[in-house]
Structure formats: C-alpha cells, structure tokens
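K.L.:
This is work-v8.cif, which holds mmCIF, C-alpha atoms:
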```cif
data_run
loop_
_atom_site.group_PDB
_atom_site.id
_atom_site.type_symbol
_atom_site.label_atom_id
_atom_site.label_comp_id
_atom_site.auth_asym_id
_atom_site.auth_seq_id
_atom_site.Cartn_x
_atom_site.Cartn_y
_atom_site.Cartn_z
ATOM 1 C CA MET R 160 3.471 -23.826 81.917
ATOM 2 C CA LYS R 161 0.897 -26.528 82.501
ATOM 3 C CA SER R 162 1.885 -29.821 84.095
ATOM 4 C CA ASN R 163 0.020 -31.950 81.507
ATOM 5 C CA LYS R 164 2.780 -33.444 79.360
ATOM 6 C CA ILE R 165 0.661 -33.556 76.180
ATOM 7 C CA ILE R 166 -0.380 -29.906 76.518
ATOM 8 C CA ARG R 167 3.272 -28.922 77.067
ATOM 9 C CA GLU R 168 4.398 -30.895 74.001
ATOM 10 C CA GLN R 169 1.739 -29.349 71.797
ATOM 11 C CA ALA R 170 2.426 -25.830 73.105
ATOM 12 C CA VAL R 171 6.116 -26.354 72.300
ATOM 13 C CA LEU R 172 5.168 -27.592 68.814
ATOM 14 C CA LEU R 173 3.141 -24.411 68.230
ATOM 15 C CA GLU R 174 5.910 -22.187 69.621
ATOM 16 C CA ARG R 175 8.519 -23.831 67.360
ATOM 17 C CA LYS R 176 6.284 -23.322 64.321
ATOM 18 C CA ALA R 177 5.846 -19.687 65.377
ATOM 19 C CA ARG R 178 9.590 -19.098 65.741
ATOM 20 C CA LYS R 179 10.550 -20.981 62.593
ATOM 21 C CA GLY R 180 8.361 -18.904 60.295
ATOM 22 C CA ASP R 181 7.695 -15.854 62.508
ATOM 23 C CA ILE R 182 4.002 -16.810 62.514
ATOM 24 C CA ALA R 183 2.010 -14.795 65.039
ATOM 25 C CA ILE R 184 -1.081 -17.038 65.104
ATOM 26 C CA TRP R 185 0.896 -20.067 66.340
ATOM 27 C CA ARG R 186 2.695 -17.906 68.948
ATOM 28 C CA GLU R 187 -0.652 -16.661 70.299
ATOM 29 C CA ALA R 188 -2.133 -20.185 70.204
ATOM 30 C CA ALA R 189 0.853 -21.554 72.181
ATOM 31 C CA LYS R 190 0.440 -18.786 74.760
ATOM 32 C CA ARG R 191 -3.281 -19.501 75.176
ATOM 33 C CA LEU R 192 -2.800 -23.267 75.315
ATOM 34 C CA SER R 193 -0.192 -22.795 78.069
ATOM 35 C CA SER R 194 -2.361 -20.418 80.089
ATOM 36 C CA PRO R 195 -3.536 -21.327 83.611
ATOM 37 C CA LYS R 196 -6.590 -23.548 84.028
ATOM 38 C CA SER R 197 -8.679 -20.588 85.203
ATOM 39 C CA THR R 198 -8.294 -18.971 81.777
ATOM 40 C CA GLU R 199 -8.209 -22.044 79.551
ATOM 41 C CA THR R 200 -10.143 -21.928 76.311
ATOM 42 C CA VAL R 201 -13.379 -23.906 76.058
ATOM 43 C CA VAL R 202 -15.627 -23.301 73.036
ATOM 44 C CA ASN R 203 -18.978 -24.812 72.074
ATOM 45 C CA VAL R 204 -19.700 -25.952 68.513
ATOM 46 C CA ALA R 205 -22.539 -23.408 68.297
ATOM 47 C CA ARG R 206 -19.964 -20.602 68.637
ATOM 48 C CA LEU R 207 -17.773 -22.194 65.970
ATOM 49 C CA SER R 208 -20.787 -22.394 63.684
ATOM 50 C CA ARG R 209 -21.485 -18.671 64.228
ATOM 51 C CA VAL R 210 -17.841 -17.611 63.782
ATOM 52 C CA GLY R 211 -16.938 -19.898 60.880
ATOM 53 C CA ASP R 212 -17.976 -19.349 57.303
ATOM 54 C CA GLY R 213 -17.405 -22.971 56.289
ATOM 55 C CA LYS R 214 -14.403 -22.013 54.134
ATOM 56 C CA ALA R 215 -11.661 -20.818 56.499
ATOM 57 C CA PRO R 216 -10.282 -23.310 59.028
ATOM 58 C CA LEU R 217 -10.811 -22.572 62.726
ATOM 59 C CA PHE R 218 -8.299 -23.188 65.509
ATOM 60 C CA VAL R 219 -9.223 -23.501 69.194
ATOM 61 C CA PRO R 220 -6.253 -23.515 71.612
ATOM 62 C CA GLY R 221 -8.197 -25.622 74.087
ATOM 63 C CA LYS R 222 -11.267 -27.856 74.145
ATOM 64 C CA VAL R 223 -14.336 -27.949 71.901
ATOM 65 C CA LEU R 224 -17.625 -28.995 73.520
ATOM 66 C CA GLY R 225 -20.752 -30.244 71.755
ATOM 67 C CA THR R 226 -23.384 -27.745 72.914
ATOM 68 C CA GLY R 227 -25.479 -26.349 70.073
ATOM 69 C CA PRO R 228 -25.990 -27.109 66.406
ATOM 70 C CA VAL R 229 -23.447 -27.212 63.587
ATOM 71 C CA ASP R 230 -24.965 -26.036 60.330
ATOM 72 C CA LYS R 231 -21.786 -25.664 58.248
ATOM 73 C CA LYS R 232 -18.988 -27.871 57.023
ATOM 74 C CA LEU R 233 -16.223 -26.719 59.383
ATOM 75 C CA ILE R 234 -12.565 -27.631 59.611
ATOM 76 C CA VAL R 235 -11.625 -27.287 63.266
ATOM 77 C CA GLY R 236 -8.266 -27.812 64.961
ATOM 78 C CA ALA R 237 -8.122 -28.050 68.744
ATOM 79 C CA PHE R 238 -6.298 -29.635 71.648
ATOM 80 C CA SER R 239 -9.303 -31.855 72.359
ATOM 81 C CA PHE R 240 -12.918 -32.470 71.406
ATOM 82 C CA SER R 241 -15.773 -33.915 73.400
ATOM 83 C CA THR R 242 -17.331 -36.965 71.763
ATOM 84 C CA SER R 243 -20.481 -35.023 70.875
ATOM 85 C CA ALA R 244 -18.493 -32.097 69.427
ATOM 86 C CA ARG R 245 -16.460 -34.390 67.167
ATOM 87 C CA SER R 246 -19.634 -36.202 66.113
ATOM 88 C CA LYS R 247 -21.531 -32.991 65.274
ATOM 89 C CA ILE R 248 -18.629 -31.504 63.290
ATOM 90 C CA GLU R 249 -18.118 -34.721 61.306
ATOM 91 C CA SER R 250 -21.883 -35.269 60.780
ATOM 92 C CA ALA R 251 -22.071 -31.834 59.150
ATOM 93 C CA GLY R 252 -19.322 -32.916 56.721
ATOM 94 C CA GLY R 253 -16.491 -31.141 58.530
ATOM 95 C CA GLU R 254 -13.271 -32.289 60.124
ATOM 96 C CA ALA R 255 -12.115 -32.294 63.754
ATOM 97 C CA LEU R 256 -8.306 -32.292 63.774
ATOM 98 C CA GLU R 257 -5.867 -32.591 66.655
ATOM 99 C CA ILE R 258 -3.151 -29.912 66.880
ATOM 100 C CA PRO R 259 -0.270 -31.787 65.160
ATOM 101 C CA GLU R 260 -2.435 -32.761 62.183
ATOM 102 C CA PHE R 261 -3.913 -29.244 61.908
ATOM 103 C CA VAL R 262 -0.483 -27.557 62.024
ATOM 104 C CA ASP R 263 0.858 -29.979 59.401
ATOM 105 C CA ARG R 264 -2.035 -29.065 57.123
ATOM 106 C CA TYR R 265 -1.797 -25.278 57.738
ATOM 107 C CA PRO R 266 1.880 -24.712 58.616
ATOM 108 C CA ASP R 267 1.948 -20.992 57.846
ATOM 109 C CA GLY R 268 -1.389 -20.311 59.552
ATOM 110 C CA SER R 269 -2.636 -18.507 56.471
ATOM 111 C CA GLY R 270 -6.403 -18.091 56.484
ATOM 112 C CA VAL R 271 -6.771 -19.755 59.899
ATOM 113 C CA THR R 272 -9.124 -18.073 62.392
ATOM 114 C CA LEU R 273 -8.104 -18.299 66.051
ATOM 115 C CA VAL R 274 -11.209 -18.818 68.215
ATOM 116 C CA SER R 275 -11.105 -18.406 71.980
#
```
So that I can check it, write out the structure of this file as structure tokens.

P.N.:
Amino acid sequence: MKSNKIIREQAVLLERKARKGDIAIWREAAKRLSSPKSTETVVNVARLSRVGDGKAPLFVPGKVLGTGPVDKKLIVGAFSFSTSARSKIESAGGEALEIPEFVDRYPDGSGVTLVS
C-alpha cells in the first residue's frame, strides 16, 4: 500500500464500494491505485479522447496529463489531473471529477470504462 494518505483513503473508498456491491471495476481500480510507483497509472488526454466515445464515463486510477487534444465532451474520474488536462477536458465541455465525486455519481460502475 502506498504511503500517501490521500491515495490510501481513496483506495479504501474504492475497495469498500467494491465489497459492498460486489463491483469488479472498483476492486480493480483500488488495486491499480494502490500499486507501486513503478507501475502507477498515468494517462494523457489524447488517449482518453481516443478511448472515449463522449457518452460513457472514463475512470483513470491515477493521474491524467494534458498532452494532446481533446475533441469530445468527456466525463473523466481520476485521482488527480494536471492543470492543463483539467483545462482541456473542461474547455471541450466535459468534466474532470476527483474519485469521491465520480464514485458518488456512478456508484455501481455501470457503463464506466477503466483506462490505464
């Protein structure tokens, strides 16, 4: 488990959601968020734009960086966003949500795409 208190708290939040409703996506997200630094998830907005269809929400168990264009209205949940990533997502009409807010909005994980 990582030593960063906020990462630990959010991984526990995801794990509790997973156990409460037997929801595999939150279990996998908690596992990836808790992974060692050498395997942590870092995704650029260009990848999100390629993967996302603009309808289904995307979840990144790590950090989103601002490299590349965003040409769709994306709803993205992640542990953290660079300033440019948040700006690009919001400028395209999308939303950049922190983990607690994202999980509150999509508690059962239905329709959510896990991106890593």

K.L.:
To one decimal in Å, tell me the separation between CA of Ala177 in chain R and CA of Gly268 in chain R.

P.N.:
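For CA of Ala177 in chain R relative to CA of Gly268 in chain R, the distance reads 9.3 Å.
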
K.L.:
Run the PyMOL selection byres ((chain R and resi 269) around 10) on the file and write out the hits as a ChimeraX atom specification.

P.N.:
/R:182,184,215-216,265-268,270-272

K.L.:
Of the candidates R:Val171, R:Ser239, R:Asn163, R:Gly227, which shows the shortest atom-to-atom distance to Arg209 in chain R, using all atoms listed in the file?

P.N.:
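Looking at the shortest contact to Arg209 in chain R, the residue is R:Gly227.
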
K.L.:
So how far away is CA of Val204 in chain R from CA of Ala244 in chain R, in Å?

P.N.:
6.3 Å

K.L.:
Would you kindly return, as a ChimeraX atom specification, each protein, DNA or RNA residue with an atom no farther than 10 Å from any atom of Thr242 in chain R, considering only C-alpha atoms and excluding same-chain residues fewer than 6 positions away?

P.N.:
/R:223-225

K.L.:
Would you translate the PyMOL selection byres ((chain R and resi 214) around 12) into the concrete set of residues it matches in this file, as a ChimeraX atom specification?

P.N.:
/R:208,210-213,215-217,231-235,253-254,270-272

K.L.:
Nearest residue to Ala170 in chain R out of R:Arg264, R:Pro220, R:Pro195, R:Arg206, using all atoms listed in the file?

P.N.:
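Looking only at the distances to Ala170 in chain R, the closest residue turns out to be R:Pro220.
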
K.L.:
Can you work out the spacing between CA of Arg191 in chain R and CA of Gly221 in chain R in Å, to one decimal?

P.N.:
7.9 Å

K.L.:
Fewer than 2 positions away in the same chain doesn't count, so skip those; otherwise give me all residues within 12 Å of Glu199 in chain R, counting only C-alpha atoms, as a VMD selection string.

P.N.:
chain R and resid 161 166 188 to 197 201 to 202 219 to 223 238 275

K.L.:
How would the residues just picked look written out with C-alpha atoms as a PDB file, keeping the file's coordinate frame?

P.N.:
```
ATOM      1  CA  LYS R 161       0.897 -26.528  82.501  1.00  0.00           C
ATOM      2  CA  ILE R 166      -0.380 -29.906  76.518  1.00  0.00           C
ATOM      3  CA  ALA R 188      -2.133 -20.185  70.204  1.00  0.00           C
ATOM      4  CA  ALA R 189       0.853 -21.554  72.181  1.00  0.00           C
ATOM      5  CA  LYS R 190       0.440 -18.786  74.760  1.00  0.00           C
ATOM      6  CA  ARG R 191      -3.281 -19.501  75.176  1.00  0.00           C
ATOM      7  CA  LEU R 192      -2.800 -23.267  75.315  1.00  0.00           C
ATOM      8  CA  SER R 193      -0.192 -22.795  78.069  1.00  0.00           C
ATOM      9  CA  SER R 194      -2.361 -20.418  80.089  1.00  0.00           C
ATOM     10  CA  PRO R 195      -3.536 -21.327  83.611  1.00  0.00           C
ATOM     11  CA  LYS R 196      -6.590 -23.548  84.028  1.00  0.00           C
ATOM     12  CA  SER R 197      -8.679 -20.588  85.203  1.00  0.00           C
ATOM     13  CA  VAL R 201     -13.379 -23.906  76.058  1.00  0.00           C
ATOM     14  CA  VAL R 202     -15.627 -23.301  73.036  1.00  0.00           C
ATOM     15  CA  VAL R 219      -9.223 -23.501  69.194  1.00  0.00           C
ATOM     16  CA  PRO R 220      -6.253 -23.515  71.612  1.00  0.00           C
ATOM     17  CA  GLY R 221      -8.197 -25.622  74.087  1.00  0.00           C
ATOM     18  CA  LYS R 222     -11.267 -27.856  74.145  1.00  0.00           C
ATOM     19  CA  VAL R 223     -14.336 -27.949  71.901  1.00  0.00           C
ATOM     20  CA  PHE R 238      -6.298 -29.635  71.648  1.00  0.00           C
ATOM     21  CA  SER R 275     -11.105 -18.406  71.980  1.00  0.00           C
TER      22      SER R 275
END
```

K.L.:
Just need the box for range 181-186 of chain R, edges along x, y and z, holding every atom the file lists for it with 5 Å tacked onto each side, so centre and edge lengths in Å to one decimal, as AutoDock Vina command-line options.

P.N.:
```
--center_x 3.3 --center_y -17.4 --center_z 65.7 --size_x 18.8 --size_y 15.3 --size_z 16.4
```

K.L.:
Restricting the calculation to only C-alpha atoms: of R:Lys179, R:Ala237, R:Pro228, R:Leu207, which residue gets closest to Ala251 in chain R?

P.N.:
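Using only C-alpha atoms, Ala251 in chain R sits closest to R:Pro228.
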
K.L.:
Please rebuild range 162-193 of chain R with N, CA and C atoms and give the result as a CSV table (one decimal), in the coordinates of the input.

P.N.:
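Contents of the output file result33.csv:
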```csv
chain,number,residue,atom,x,y,z
R,162,SER,N,1.2,-28.6,83.7
R,162,SER,CA,1.9,-29.8,84.1
R,162,SER,C,1.5,-31.0,83.2
R,163,ASN,N,0.4,-30.9,82.4
R,163,ASN,CA,0.0,-32.0,81.5
R,163,ASN,C,1.1,-32.1,80.4
R,164,LYS,N,1.7,-33.2,80.3
R,164,LYS,CA,2.8,-33.4,79.4
R,164,LYS,C,2.3,-33.2,77.9
R,165,ILE,N,1.2,-33.7,77.6
R,165,ILE,CA,0.7,-33.6,76.2
R,165,ILE,C,0.4,-32.1,75.8
R,166,ILE,N,-0.2,-31.3,76.8
R,166,ILE,CA,-0.4,-29.9,76.5
R,166,ILE,C,1.0,-29.2,76.3
R,167,ARG,N,1.9,-29.5,77.2
R,167,ARG,CA,3.3,-28.9,77.1
R,167,ARG,C,3.9,-29.2,75.7
R,168,GLU,N,3.8,-30.5,75.3
R,168,GLU,CA,4.4,-30.9,74.0
R,168,GLU,C,3.7,-30.1,72.8
R,169,GLN,N,2.4,-30.0,72.9
R,169,GLN,CA,1.7,-29.3,71.8
R,169,GLN,C,2.0,-27.8,71.8
R,170,ALA,N,2.1,-27.3,73.0
R,170,ALA,CA,2.4,-25.8,73.1
R,170,ALA,C,3.8,-25.6,72.6
R,171,VAL,N,4.8,-26.5,72.8
R,171,VAL,CA,6.1,-26.4,72.3
R,171,VAL,C,6.1,-26.5,70.8
R,172,LEU,N,5.3,-27.4,70.3
R,172,LEU,CA,5.2,-27.6,68.8
R,172,LEU,C,4.7,-26.3,68.2
R,173,LEU,N,3.7,-25.7,68.8
R,173,LEU,CA,3.1,-24.4,68.2
R,173,LEU,C,4.2,-23.3,68.3
R,174,GLU,N,4.9,-23.2,69.4
R,174,GLU,CA,5.9,-22.2,69.6
R,174,GLU,C,7.0,-22.4,68.6
R,175,ARG,N,7.5,-23.6,68.4
R,175,ARG,CA,8.5,-23.8,67.4
R,175,ARG,C,8.1,-23.4,66.0
R,176,LYS,N,6.8,-23.7,65.6
R,176,LYS,CA,6.3,-23.3,64.3
R,176,LYS,C,6.3,-21.8,64.2
R,177,ALA,N,5.9,-21.2,65.3
R,177,ALA,CA,5.8,-19.7,65.4
R,177,ALA,C,7.2,-19.1,65.2
R,178,ARG,N,8.2,-19.6,65.9
R,178,ARG,CA,9.6,-19.1,65.7
R,178,ARG,C,10.2,-19.4,64.4
R,179,LYS,N,9.9,-20.6,63.9
R,179,LYS,CA,10.6,-21.0,62.6
R,179,LYS,C,10.1,-20.1,61.5
R,180,GLY,N,8.8,-19.7,61.4
R,180,GLY,CA,8.4,-18.9,60.3
R,180,GLY,C,7.9,-17.5,60.7
R,181,ASP,N,8.2,-17.1,62.0
R,181,ASP,CA,7.7,-15.9,62.5
R,181,ASP,C,6.2,-15.7,62.3
R,182,ILE,N,5.4,-16.7,62.7
R,182,ILE,CA,4.0,-16.8,62.5
R,182,ILE,C,3.3,-16.5,63.8
R,183,ALA,N,2.6,-15.3,63.8
R,183,ALA,CA,2.0,-14.8,65.0
R,183,ALA,C,0.9,-15.7,65.6
R,184,ILE,N,0.1,-16.3,64.7
R,184,ILE,CA,-1.1,-17.0,65.1
R,184,ILE,C,-0.7,-18.2,65.9
R,185,TRP,N,0.4,-18.9,65.6
R,185,TRP,CA,0.9,-20.1,66.3
R,185,TRP,C,1.5,-19.6,67.7
R,186,ARG,N,2.1,-18.4,67.7
R,186,ARG,CA,2.7,-17.9,68.9
R,186,ARG,C,1.6,-17.6,69.9
R,187,GLU,N,0.5,-17.0,69.5
R,187,GLU,CA,-0.7,-16.7,70.3
R,187,GLU,C,-1.4,-17.9,70.8
R,188,ALA,N,-1.5,-18.9,69.9
R,188,ALA,CA,-2.1,-20.2,70.2
R,188,ALA,C,-1.3,-20.9,71.3
R,189,ALA,N,0.0,-20.9,71.2
R,189,ALA,CA,0.9,-21.6,72.2
R,189,ALA,C,0.7,-20.9,73.5
R,190,LYS,N,0.6,-19.6,73.5
R,190,LYS,CA,0.4,-18.8,74.8
R,190,LYS,C,-0.9,-19.1,75.4
R,191,ARG,N,-2.0,-19.2,74.6
R,191,ARG,CA,-3.3,-19.5,75.2
R,191,ARG,C,-3.4,-20.9,75.6
R,192,LEU,N,-2.8,-21.9,74.9
R,192,LEU,CA,-2.8,-23.3,75.3
R,192,LEU,C,-2.0,-23.5,76.6
R,193,SER,N,-1.0,-22.7,76.9
R,193,SER,CA,-0.2,-22.8,78.1
R,193,SER,C,-0.8,-22.0,79.2
```
